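J.: File model26.cif follows (mmCIF, C-alpha atoms):
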data_data
#
loop_
_atom_site.label_atom_id
_atom_site.label_comp_id
_atom_site.auth_asym_id
_atom_site.auth_seq_id
_atom_site.Cartn_x
_atom_site.Cartn_y
_atom_site.Cartn_z
CA MET A 1 0.00 0.00 0.00
CA ASN A 2 1.51 3.27 -1.06
CA ALA A 3 1.21 5.61 1.85
CA SER A 4 1.70 8.81 -0.10
CA LYS A 5 -1.47 8.05 -2.06
CA LEU A 6 -3.50 8.40 1.09
CA VAL A 7 -3.10 12.12 1.27
CA SER A 8 -4.07 13.86 -1.88
CA ASP A 9 -1.58 15.95 -3.79
CA ARG A 10 -3.76 19.00 -3.23
CA ASP A 11 -3.08 18.72 0.49
CA GLY A 12 -0.83 21.35 2.01
CA LEU A 13 2.59 20.56 3.36
CA ALA A 14 1.40 20.78 6.97
CA ARG A 15 -1.27 18.16 6.35
CA ARG A 16 1.16 15.87 4.63
CA ILE A 17 3.61 16.20 7.51
CA ALA A 18 0.80 15.54 10.02
CA TYR A 19 -0.11 12.40 8.11
CA ARG A 20 3.48 11.31 7.97
CA VAL A 21 3.95 11.79 11.72
CA LEU A 22 0.84 9.76 12.44
CA LEU A 23 1.96 7.06 10.04
CA VAL A 24 5.30 6.69 11.76
CA ALA A 25 3.68 6.75 15.21
CA VAL A 26 1.21 4.04 14.27
CA ARG A 27 3.47 1.73 12.30
CA GLY A 28 7.02 2.47 13.30
CA ARG A 29 9.07 -0.05 11.36
CA ARG A 30 6.24 -2.51 10.99
CA ARG A 31 4.26 -2.98 7.81
CA ARG A 32 1.00 -2.48 9.62
CA GLY A 33 0.25 -0.89 12.96
CA GLY A 34 -2.32 -1.88 15.55
CA ASP A 35 -5.98 -1.99 14.51
CA TRP A 36 -6.90 1.21 16.27
CA GLY A 37 -3.94 3.18 15.05
CA GLU A 38 -4.67 2.02 11.51
CA ALA A 39 -8.30 3.03 12.03
CA VAL A 40 -7.35 6.60 12.94
CA LEU A 41 -4.92 6.66 10.05
CA ALA A 42 -7.56 5.51 7.58
CA GLU A 43 -9.91 8.28 8.70
CA PHE A 44 -7.28 11.01 8.26
CA PRO A 45 -8.23 11.78 4.63
CA GLU A 46 -11.75 12.61 5.85
CA THR A 47 -10.53 15.63 7.79
CA ARG A 48 -10.70 18.94 6.04
CA GLY A 49 -8.16 21.68 6.45
CA THR A 50 -4.86 21.99 8.25
CA GLY A 51 -6.23 22.57 11.75
CA ALA A 52 -8.59 19.60 11.64
CA GLY A 53 -5.83 17.40 10.25
CA MET A 54 -3.46 18.44 13.02
CA ARG A 55 -6.03 17.79 15.73
CA TRP A 56 -6.80 14.40 14.25
CA MET A 57 -3.12 13.58 14.17
CA VAL A 58 -2.54 14.60 17.80
CA GLY A 59 -5.46 12.45 18.96
CA GLY A 60 -4.09 9.64 16.81
CA LEU A 61 -0.75 9.86 18.61
CA ARG A 62 -2.60 9.25 21.84
CA VAL A 63 -4.29 6.19 20.35
CA ALA A 64 -1.00 4.87 19.00
CA TRP A 65 0.60 5.39 22.40
CA ARG A 66 -2.16 3.45 24.15
CA GLU A 67 -1.87 0.59 21.71
CA ARG A 68 1.86 0.58 22.13
CA ARG A 69 1.53 0.37 25.89
CA ALA A 70 -0.87 -2.53 25.53
CA ARG A 71 1.65 -4.26 23.24
CA VAL A 72 4.48 -3.70 25.69
CA ARG A 73 2.40 -5.29 28.45
CA GLN A 74 2.36 -8.48 26.38
CA LEU A 75 6.15 -8.71 26.40
CA PRO A 76 7.96 -11.04 28.80
CA ARG A 77 8.70 -9.52 32.17
CA TYR A 78 12.49 -9.38 31.83
CA GLN A 79 12.14 -7.59 28.51
CA ARG A 80 9.80 -4.97 29.97
CA ILE A 81 12.12 -4.36 32.88
CA GLY A 82 15.10 -4.20 30.55
CA ARG A 83 13.40 -1.66 28.33
CA ARG A 84 12.27 0.45 31.25
CA PHE A 85 15.75 0.32 32.71
CA ALA A 86 17.40 1.34 29.43
CA PHE A 87 14.91 4.17 28.93
CA THR A 88 15.37 5.48 32.47
CA ALA A 89 19.14 5.25 32.27
CA LEU A 90 19.17 7.06 28.95
CA THR A 91 16.85 9.91 29.88
CA GLY A 92 18.38 10.20 33.34
CA GLY A 93 21.87 10.29 31.89
CA LEU A 94 20.90 12.89 29.33
CA ALA A 95 19.16 15.05 31.91
CA ALA A 96 22.14 14.81 34.25
CA PHE A 97 24.50 15.73 31.44
CA LEU A 98 22.48 18.77 30.37
CA LEU A 99 21.99 19.86 33.96
CA GLY A 100 25.69 19.49 34.68
CA GLN A 101 26.70 21.37 31.56
CA PHE A 102 24.25 24.23 31.57
CA VAL A 103 22.52 24.60 34.93
CA LEU A 104 24.51 23.48 37.95
CA THR A 105 28.05 22.56 37.04
CA PRO A 106 30.54 20.85 39.34
CA THR A 107 33.97 22.42 38.91
CA TYR A 108 37.29 22.22 40.70
CA MET A 109 39.55 24.96 41.93
CA PRO A 110 42.86 25.00 40.09
CA SER A 111 44.66 27.74 42.02
CA GLY A 112 45.10 29.16 45.46
CA SER A 113 43.84 32.62 44.64
CA MET A 114 40.62 32.12 46.61
CA GLU A 115 42.25 30.72 49.76
CA PRO A 116 41.03 30.20 52.38
CA THR A 117 37.49 30.14 51.01
CA LEU A 118 38.34 27.67 48.26
CA ARG A 119 41.57 25.73 48.32
CA ILE A 120 43.42 24.10 45.47
CA GLY A 121 41.59 20.97 44.38
CA ASP A 122 38.31 21.85 46.07
CA ARG A 123 35.18 20.89 44.18
CA TYR A 124 32.30 23.32 44.06
CA LEU A 125 28.99 23.84 42.28
CA VAL A 126 28.49 26.70 39.85
CA ASP A 127 25.01 27.97 39.13
CA LYS A 128 24.79 29.14 35.54
CA VAL A 129 21.15 30.14 35.31
CA ALA A 130 19.64 31.51 38.51
CA PHE A 131 22.17 34.34 38.95
CA ARG A 132 20.98 35.83 35.68
CA MET A 133 17.58 36.36 37.29
CA THR A 134 18.67 37.40 40.76
CA GLY A 135 21.51 39.58 39.53
CA ILE A 136 25.07 39.78 40.83
CA HIS A 137 25.69 41.11 44.33
CA ARG A 138 28.69 42.16 46.35
CA ASN A 139 30.46 39.23 47.99
CA ASP A 140 29.11 36.76 45.45
CA ILE A 141 31.81 34.36 44.30
CA VAL A 142 31.62 34.15 40.54
CA THR A 143 33.38 32.44 37.69
CA VAL A 144 34.41 34.85 34.96
CA GLU A 145 35.71 34.27 31.50
CA VAL A 146 38.76 36.45 30.98
CA ARG A 147 39.91 37.37 27.49
CA GLN A 148 43.07 39.42 27.76
CA PRO A 149 45.86 38.03 25.60
CA ASP A 150 48.55 40.17 27.20
CA LEU A 151 47.83 38.86 30.71
CA THR A 152 46.57 35.35 30.12
CA PRO A 153 47.78 33.19 27.23
CA GLU A 154 44.28 32.17 26.25
CA SER A 155 40.73 32.74 27.39
CA ARG A 156 40.57 31.46 30.96
CA ARG A 157 38.01 30.95 33.68
CA PHE A 158 38.72 32.54 37.01
CA VAL A 159 36.93 32.18 40.30
CA LYS A 160 36.78 35.51 42.11
CA ARG A 161 34.74 37.45 44.62
CA VAL A 162 32.69 40.42 43.48
CA VAL A 163 33.69 43.47 45.53
CA GLY A 164 32.59 46.32 43.31
CA LEU A 165 29.40 46.98 41.39
CA PRO A 166 28.85 49.77 38.85
CA GLY A 167 29.39 53.14 40.49
CA ASP A 168 31.77 51.87 43.21
CA THR A 169 35.19 53.48 43.30
CA LEU A 170 38.11 51.14 44.01
CA THR A 171 41.72 51.85 44.70
CA CYS A 172 44.79 50.20 46.25
CA ARG A 173 47.00 51.52 48.99
CA ASP A 174 49.89 49.69 50.68
CA GLY A 175 48.70 46.30 49.52
CA ALA A 176 45.15 46.91 50.70
CA VAL A 177 42.13 47.42 48.48
CA LEU A 178 39.68 50.18 49.28
CA ARG A 179 36.11 50.51 48.12
CA ASN A 180 34.66 54.01 48.32
CA GLY A 181 37.42 54.89 50.79
CA THR A 182 37.04 51.85 53.09
CA VAL A 183 39.55 49.02 53.28
CA ILE A 184 37.86 45.80 52.21
CA ALA A 185 40.83 43.48 51.72
CA ARG A 186 44.49 43.28 52.65
CA ARG A 187 47.51 41.38 51.51
CA ARG A 188 48.59 38.87 54.12
CA VAL A 189 52.33 39.21 53.66
CA ASP A 190 53.94 42.62 53.43
CA GLY A 191 56.62 43.27 50.88
CA ASP A 192 57.07 41.97 47.39
CA SER A 193 54.31 40.02 45.79
CA SER A 194 54.68 37.65 42.90
CA ILE A 195 51.91 39.58 41.20
CA PRO A 196 52.77 43.16 40.40
CA VAL A 197 50.00 45.29 41.78
CA SER A 198 49.57 48.62 40.18
CA CYS A 199 45.93 49.33 40.50
CA GLU A 200 44.85 52.83 39.88
CA GLU A 201 41.73 54.37 41.25
CA ILE A 202 38.83 53.32 39.10
CA THR A 203 35.05 53.70 39.13
CA VAL A 204 33.33 50.54 37.97
CA PRO A 205 31.53 51.31 34.70
CA LYS A 206 28.01 50.30 33.83
CA ASP A 207 27.49 46.54 33.29
CA HIS A 208 30.85 45.66 34.82
CA VAL A 209 31.98 44.14 38.10
CA TYR A 210 35.19 44.51 40.06
CA VAL A 211 36.47 41.16 41.28
CA LEU A 212 39.21 40.12 43.70
CA GLY A 213 40.65 36.83 44.81
CA ASP A 214 40.44 36.20 48.54
CA PHE A 215 44.20 35.62 48.61
CA LEU A 216 45.31 39.03 47.40
CA ASP A 217 49.02 38.17 47.45
CA VAL A 218 48.76 35.64 44.63
CA SER A 219 45.53 36.50 42.89
CA LEU A 220 45.30 37.81 39.37
CA ASP A 221 42.12 39.84 39.36
CA SER A 222 40.55 43.23 38.61
CA ARG A 223 43.60 44.96 40.08
CA GLN A 224 45.43 43.89 36.94
CA LEU A 225 42.59 42.96 34.61
CA GLY A 226 40.36 45.91 35.37
CA PRO A 227 36.60 45.68 35.77
CA ILE A 228 35.09 42.60 34.11
CA PRO A 229 32.11 42.96 31.75
CA GLN A 230 29.08 41.36 33.35
CA LYS A 231 28.46 39.36 30.20
CA ASP A 232 31.72 37.52 30.91
CA VAL A 233 30.38 36.30 34.24
CA VAL A 234 29.47 32.69 33.48
CA GLY A 235 28.29 31.49 36.84
CA ARG A 236 28.01 31.94 40.57
CA VAL A 237 29.52 29.56 43.07
CA VAL A 238 26.72 28.04 45.10
CA ALA A 239 28.47 25.67 47.45
CA ARG A 240 31.57 23.63 47.94
CA ILE A 241 30.83 19.94 47.50
CA TRP A 242 34.26 18.50 48.34
CA PRO A 243 35.71 18.42 50.88
CA THR A 244 32.49 18.66 52.81
CA ILE A 245 34.12 19.71 56.07
CA GLY A 246 36.98 22.06 56.83
CA MET B 1 -17.13 3.11 46.04
CA PRO B 2 -15.72 2.15 42.64
CA ARG B 3 -16.58 4.33 39.72
CA ILE B 4 -19.41 3.14 37.54
CA PRO B 5 -18.01 2.43 34.06
CA HIS B 6 -19.22 4.17 30.91
CA THR B 7 -20.89 7.12 32.62
CA SER B 8 -18.62 9.96 31.51
CA PRO B 9 -20.36 12.71 29.51
CA GLN B 10 -18.12 11.88 26.56
CA THR B 11 -19.07 8.21 26.58
CA VAL B 12 -22.75 9.05 26.91
CA ARG B 13 -22.45 11.46 23.99
CA LEU B 14 -20.95 8.65 21.95
CA PHE B 15 -23.77 6.33 23.00
CA GLU B 16 -26.22 8.94 21.83
CA ALA B 17 -24.61 9.12 18.40
CA LEU B 18 -24.45 5.34 18.08
CA LEU B 19 -28.07 4.97 19.15
CA ALA B 20 -29.33 7.29 16.41
CA ASP B 21 -29.43 4.27 14.11
CA PRO B 22 -28.15 1.24 16.03
CA ARG B 23 -28.01 -1.10 13.04
CA GLN B 24 -25.87 1.24 10.98
CA TRP B 25 -22.08 0.72 10.81
CA ARG B 26 -20.45 4.03 11.69
CA TYR B 27 -17.13 5.62 10.71
CA GLY B 28 -14.82 7.03 13.36
CA TYR B 29 -14.55 10.39 11.70
CA ASP B 30 -18.32 10.81 11.44
CA LEU B 31 -18.72 9.87 15.10
CA SER B 32 -16.06 12.41 15.98
CA ARG B 33 -17.91 15.14 14.09
CA GLU B 34 -21.28 14.24 15.53
CA THR B 35 -20.12 14.04 19.12
CA GLY B 36 -17.59 16.86 18.89
CA LEU B 37 -15.01 14.54 20.50
CA ALA B 38 -11.40 14.75 19.37
CA SER B 39 -9.84 11.58 18.00
CA GLY B 40 -7.72 11.26 21.14
CA THR B 41 -10.88 11.12 23.27
CA LEU B 42 -13.14 9.19 20.95
CA TYR B 43 -10.89 6.30 20.03
CA PRO B 44 -9.85 5.35 23.57
CA ILE B 45 -13.57 5.12 24.42
CA LEU B 46 -14.17 2.98 21.35
CA MET B 47 -11.22 0.78 22.31
CA ARG B 48 -12.58 0.32 25.81
CA LEU B 49 -16.09 -0.49 24.61
CA SER B 50 -14.73 -2.94 22.07
CA ASP B 51 -12.55 -4.67 24.67
CA GLN B 52 -15.63 -5.28 26.74
CA SER B 53 -17.66 -6.57 23.78
CA LEU B 54 -20.02 -3.62 23.97
CA LEU B 55 -18.98 -2.52 20.51
CA GLU B 56 -18.32 -4.55 17.41
CA THR B 57 -15.91 -3.47 14.74
CA THR B 58 -15.23 -4.37 11.16
CA TRP B 59 -13.07 -3.21 8.28
CA GLU B 60 -14.96 -1.89 5.32
CA PRO B 61 -13.21 -1.59 1.96
CA SER B 62 -12.98 2.03 0.94
CA ASP B 63 -14.96 3.20 -2.08
CA ALA B 64 -12.21 5.56 -3.20
CA PRO B 65 -9.38 3.81 -5.08
CA GLY B 66 -5.97 3.70 -3.39
CA ARG B 67 -7.44 4.29 0.04
CA PRO B 68 -7.13 1.75 2.86
CA PRO B 69 -10.18 0.01 4.33
CA ARG B 70 -11.97 1.97 6.99
CA HIS B 71 -12.77 0.76 10.46
CA THR B 72 -16.47 0.84 11.30
CA TYR B 73 -18.38 0.44 14.53
CA ARG B 74 -21.74 -0.38 15.97
CA LEU B 75 -23.08 -1.43 19.35
CA THR B 76 -23.53 -5.07 20.24
CA PRO B 77 -26.84 -6.02 21.87
CA ASP B 78 -25.08 -5.73 25.25
CA GLY B 79 -23.77 -2.33 24.28
CA LEU B 80 -27.14 -1.26 23.02
CA ALA B 81 -28.81 -2.10 26.30
CA LEU B 82 -26.12 -0.36 28.29
CA ALA B 83 -26.20 2.71 26.06
CA GLU B 84 -29.94 3.06 26.44
CA THR B 85 -29.66 2.76 30.20
CA ARG B 86 -26.90 5.34 30.43
CA LEU B 87 -28.69 7.76 28.15
CA ALA B 88 -31.91 7.40 30.09
CA ALA B 89 -30.02 8.01 33.34
CA ARG B 90 -28.49 11.16 31.94
CA ASN B 91 -31.78 12.47 30.58
CA ALA B 92 -33.50 11.79 33.88
CA GLY B 93 -31.37 14.55 35.31
CA PRO B 94 -28.03 14.98 37.01
CA ALA B 95 -29.42 13.98 40.41
CA SER B 96 -29.89 10.40 39.31
CA SER B 97 -26.42 10.13 37.82
CA THR B 98 -24.69 10.72 41.16
CA GLY B 99 -24.78 9.00 44.50
CA SER B 100 -26.14 5.50 44.75
CA ALA B 101 -28.75 5.82 42.04
CA PRO B 102 -26.59 4.60 39.14
CA SER B 103 -25.66 1.41 40.93
CA THR B 104 -29.31 0.41 40.88
CA VAL B 105 -29.43 1.41 37.25
CA SER B 106 -26.44 -0.71 36.34
CA ALA B 107 -27.98 -3.62 38.18
CA LYS B 108 -30.89 -3.40 35.78
CA VAL B 109 -28.71 -3.76 32.70
CA PRO B 110 -29.91 -6.93 31.06
CA ARG B 111 -27.29 -9.62 30.74
CA LEU B 112 -27.50 -11.17 27.35
CA SER B 113 -26.10 -14.57 26.60
CA ALA B 114 -22.98 -14.99 24.51
CA ARG B 115 -25.04 -16.73 21.85
CA THR B 116 -27.30 -13.73 21.36
CA ARG B 117 -24.25 -11.51 21.08
CA THR B 118 -22.73 -13.61 18.30
CA ALA B 119 -26.01 -13.69 16.43
CA GLY B 120 -26.35 -9.94 16.75
CA GLY B 121 -22.82 -9.47 15.44
CA ALA B 122 -23.41 -11.65 12.43
CA ALA B 123 -26.69 -10.02 11.50
#
Could you spell out this file's structure in structure tokens?

T.:
Amino acid sequence: MNASKLVSDRDGLARRIAYRVLLVAVRGRRRRGGDWGEAVLAEFPETRGTGAGMRWMVGGLRVAWRERRARVRQLPRYQRIGRRFAFTALTGGLAAFLLGQFVLTPTYMPSGSMEPTLRIGDRYLVDKVAFRMTGIHRNDIVTVEVRQPDLTPESRRFVKRVVGLPGDTLTCRDGAVLRNGTVIARRRVDGDSSIPVSCEEITVPKDHVYVLGDFLDVSLDSRQLGPIPQKDVVGRVVARIWPTIG
Amino acid sequence: MPRIPHTSPQTVRLFEALLADPRQWRYGYDLSRETGLASGTLYPILMRLSDQSLLETTWEPSDAPGRPPRHTYRLTPDGLALAETRLAARNAGPASSTGSAPSTVSAKVPRLSARTRTAGGAA
């Protein structure tokens, strides 16, 4: 039986697609689907117009699904369990992957610039969605994508603490960082630092943030990089997941 | 109390359409138009009725060339009796379709023998 004959050539593309979808849902790879699916399929040419065809098709999907479930119930028990298991594992795995990539990502800390809050090798969770709705606040720990070829060889992700929002004025004096005239962070060791600090007074522009590492002595941050565009903030650290204590 | 089967407004609407001419074989699409039920509502009801031998089905060759046979439906004698009961219960008013009233109604559904059913199907 030639399926394409069932929908007339005068039918619009949408109707032909609807028919096709129903056909696949009813038959799959078999030559003939279940009685009820075939029944809905055979009535499709009676419908008139795109909307009616679509509605008929959607209802037909429901019928095909019911018949399919009834067929699956006939299968041996081990096969049903196996199928259910495979389906669950697949969808669960996919969901976990997508969640881990785009929503709540586990990451590890490669450097000591956030000590003692995060130490080298610590694992933490980064929220990549919710912070876009709640906005970025002072003291949030964020991951930022830095693109400055002269300071970092390639685009790199840093974990830093937000200390300045647009309008804040930041400056450095004697190894300490001041926001609007108040000291907010200090170097722990006086004297030479491995990172040359030459931060000039700056007012954070619109749509930027000023970020610092908690360990000022070793951190490469807005003191050298300048304010970071907010569009380069890729996530907010939600919690440390390993180690759980300490 | 368990739900009484085949009392939903949709099912009763279908009964009504099938009772218009009980001897006539009906197409699914026509039933859908008459009852205003979408295919996804209508066909599951038909499937249920057919499973319980309240509805008989057959494939009728299509008159148009190149088209597949169409599935057609009509009530079995059992189905006919049940449909009439349900329709009467609905028309008697909503009060009788709730509470304990329908259970007495369903008790009155005549039980026809299997032989009568076969004869009705072949007729």

J.: Pick out the residues sitting within 12 Å of B:Arg74, and hand them over as a PyMOL selection string; count only C-alpha atoms, and ignore anything fewer than 3 positions along from it in its own chain.

T.: chain B and resi 14-28+31+46+49-50+53-59+71+77-80+83+120-123

J.: Could you write out that same residue set with C-alpha atoms as a CSV table (one decimal), in the frame of the given file?

T.:
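Output saved as out_26.csv:
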chain,number,residue,atom,x,y,z
B,14,LEU,CA,-21.0,8.6,22.0
B,15,PHE,CA,-23.8,6.3,23.0
B,16,GLU,CA,-26.2,8.9,21.8
B,17,ALA,CA,-24.6,9.1,18.4
B,18,LEU,CA,-24.4,5.3,18.1
B,19,LEU,CA,-28.1,5.0,19.2
B,20,ALA,CA,-29.3,7.3,16.4
B,21,ASP,CA,-29.4,4.3,14.1
B,22,PRO,CA,-28.2,1.2,16.0
B,23,ARG,CA,-28.0,-1.1,13.0
B,24,GLN,CA,-25.9,1.2,11.0
B,25,TRP,CA,-22.1,0.7,10.8
B,26,ARG,CA,-20.4,4.0,11.7
B,27,TYR,CA,-17.1,5.6,10.7
B,28,GLY,CA,-14.8,7.0,13.4
B,31,LEU,CA,-18.7,9.9,15.1
B,46,LEU,CA,-14.2,3.0,21.4
B,49,LEU,CA,-16.1,-0.5,24.6
B,50,SER,CA,-14.7,-2.9,22.1
B,53,SER,CA,-17.7,-6.6,23.8
B,54,LEU,CA,-20.0,-3.6,24.0
B,55,LEU,CA,-19.0,-2.5,20.5
B,56,GLU,CA,-18.3,-4.6,17.4
B,57,THR,CA,-15.9,-3.5,14.7
B,58,THR,CA,-15.2,-4.4,11.2
B,59,TRP,CA,-13.1,-3.2,8.3
B,71,HIS,CA,-12.8,0.8,10.5
B,77,PRO,CA,-26.8,-6.0,21.9
B,78,ASP,CA,-25.1,-5.7,25.2
B,79,GLY,CA,-23.8,-2.3,24.3
B,80,LEU,CA,-27.1,-1.3,23.0
B,83,ALA,CA,-26.2,2.7,26.1
B,120,GLY,CA,-26.4,-9.9,16.8
B,121,GLY,CA,-22.8,-9.5,15.4
B,122,ALA,CA,-23.4,-11.6,12.4
B,123,ALA,CA,-26.7,-10.0,11.5

J.: Interatomic distance between atom CA of A:Ser222 and atom CA of A:Glu115?

T.: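 We find that atom CA of A:Ser222 and atom CA of A:Glu115 lie 16.8 Å from each other.
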
J.: Using all atoms listed in the file, what does the table of chain A residues within 6 Å of chain B look like, with each row giving the shortest atom pair and its distance in Å to one decimal, sorted by chain and ascending number, as a Markdown table?

T.:
| residue | atom | partner | partner_atom | distance |
| --- | --- | --- | --- | --- |
| A:Leu6 | CA | B:Arg67 | CA | 5.8 |
| A:Ala39 | CA | B:His71 | CA | 5.3 |
| A:Ala42 | CA | B:Arg70 | CA | 5.7 |
| A:Glu43 | CA | B:Tyr29 | CA | 5.9 |
| A:Trp56 | CA | B:Ser39 | CA | 5.6 |
| A:Gly59 | CA | B:Gly40 | CA | 3.4 |
| A:Gly60 | CA | B:Gly40 | CA | 5.9 |
| A:Arg62 | CA | B:Gly40 | CA | 5.5 |

J.: Starting from the PyMOL selection byres ((chain A and resi 14) around 10), expand the selection into actual residues of this file and give them as JSON, numbers by chain.

T.: {"A": [11, 12, 13, 15, 16, 17, 18, 19, 20, 49, 50, 51, 53, 54]}

J.: In Å, how far is it from atom CA of B:Asn91 to atom CA of B:Leu75?

T.: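 Result for atom CA of B:Asn91 versus atom CA of B:Leu75: 19.9 Å, one decimal.
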
J.: Report the distance between atom CA of A:Pro110 and atom CA of A:Val209 in Å, rounded to one decimal place.

T.: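 Atom-to-atom, atom CA of A:Pro110 to atom CA of A:Val209, that is 22.1 Å.
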
J.: Step by step, work through what the PyMOL selection byres ((chain A and resi 203) around 12) selects in the shown file, and finish by giving those residues as a PDB file with C-alpha atoms, in the coordinates of the input.

T.:
ATOM      1  CA  GLY A 164      32.590  46.320  43.310  1.00  0.00           C
ATOM      2  CA  LEU A 165      29.400  46.980  41.390  1.00  0.00           C
ATOM      3  CA  PRO A 166      28.850  49.770  38.850  1.00  0.00           C
ATOM      4  CA  GLY A 167      29.390  53.140  40.490  1.00  0.00           C
ATOM      5  CA  ASP A 168      31.770  51.870  43.210  1.00  0.00           C
ATOM      6  CA  THR A 169      35.190  53.480  43.300  1.00  0.00           C
ATOM      7  CA  LEU A 170      38.110  51.140  44.010  1.00  0.00           C
ATOM      8  CA  THR A 171      41.720  51.850  44.700  1.00  0.00           C
ATOM      9  CA  LEU A 178      39.680  50.180  49.280  1.00  0.00           C
ATOM     10  CA  ARG A 179      36.110  50.510  48.120  1.00  0.00           C
ATOM     11  CA  ASN A 180      34.660  54.010  48.320  1.00  0.00           C
ATOM     12  CA  GLY A 181      37.420  54.890  50.790  1.00  0.00           C
ATOM     13  CA  CYS A 199      45.930  49.330  40.500  1.00  0.00           C
ATOM     14  CA  GLU A 200      44.850  52.830  39.880  1.00  0.00           C
ATOM     15  CA  GLU A 201      41.730  54.370  41.250  1.00  0.00           C
ATOM     16  CA  ILE A 202      38.830  53.320  39.100  1.00  0.00           C
ATOM     17  CA  VAL A 204      33.330  50.540  37.970  1.00  0.00           C
ATOM     18  CA  PRO A 205      31.530  51.310  34.700  1.00  0.00           C
ATOM     19  CA  LYS A 206      28.010  50.300  33.830  1.00  0.00           C
ATOM     20  CA  ASP A 207      27.490  46.540  33.290  1.00  0.00           C
ATOM     21  CA  HIS A 208      30.850  45.660  34.820  1.00  0.00           C
ATOM     22  CA  VAL A 209      31.980  44.140  38.100  1.00  0.00           C
ATOM     23  CA  TYR A 210      35.190  44.510  40.060  1.00  0.00           C
ATOM     24  CA  SER A 222      40.550  43.230  38.610  1.00  0.00           C
ATOM     25  CA  GLY A 226      40.360  45.910  35.370  1.00  0.00           C
ATOM     26  CA  PRO A 227      36.600  45.680  35.770  1.00  0.00           C
TER      27      PRO A 227
END

J.: Can you spell out as a list of chain:residue names the set of residues that the PyMOL selection byres ((chain A and resi 155) around 7) selects in the structure I just provided?

T.: A:Glu145, A:Val146, A:Arg147, A:Thr152, A:Glu154, A:Arg156

J.: Smallest atom-to-atom distance to B:Asp51: which of A:Leu22, A:Ser111, A:Arg186, A:Trp36, using all atoms listed in the file?

T.: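 Counting all atoms listed in the file, the residue closest to B:Asp51 is A:Trp36.
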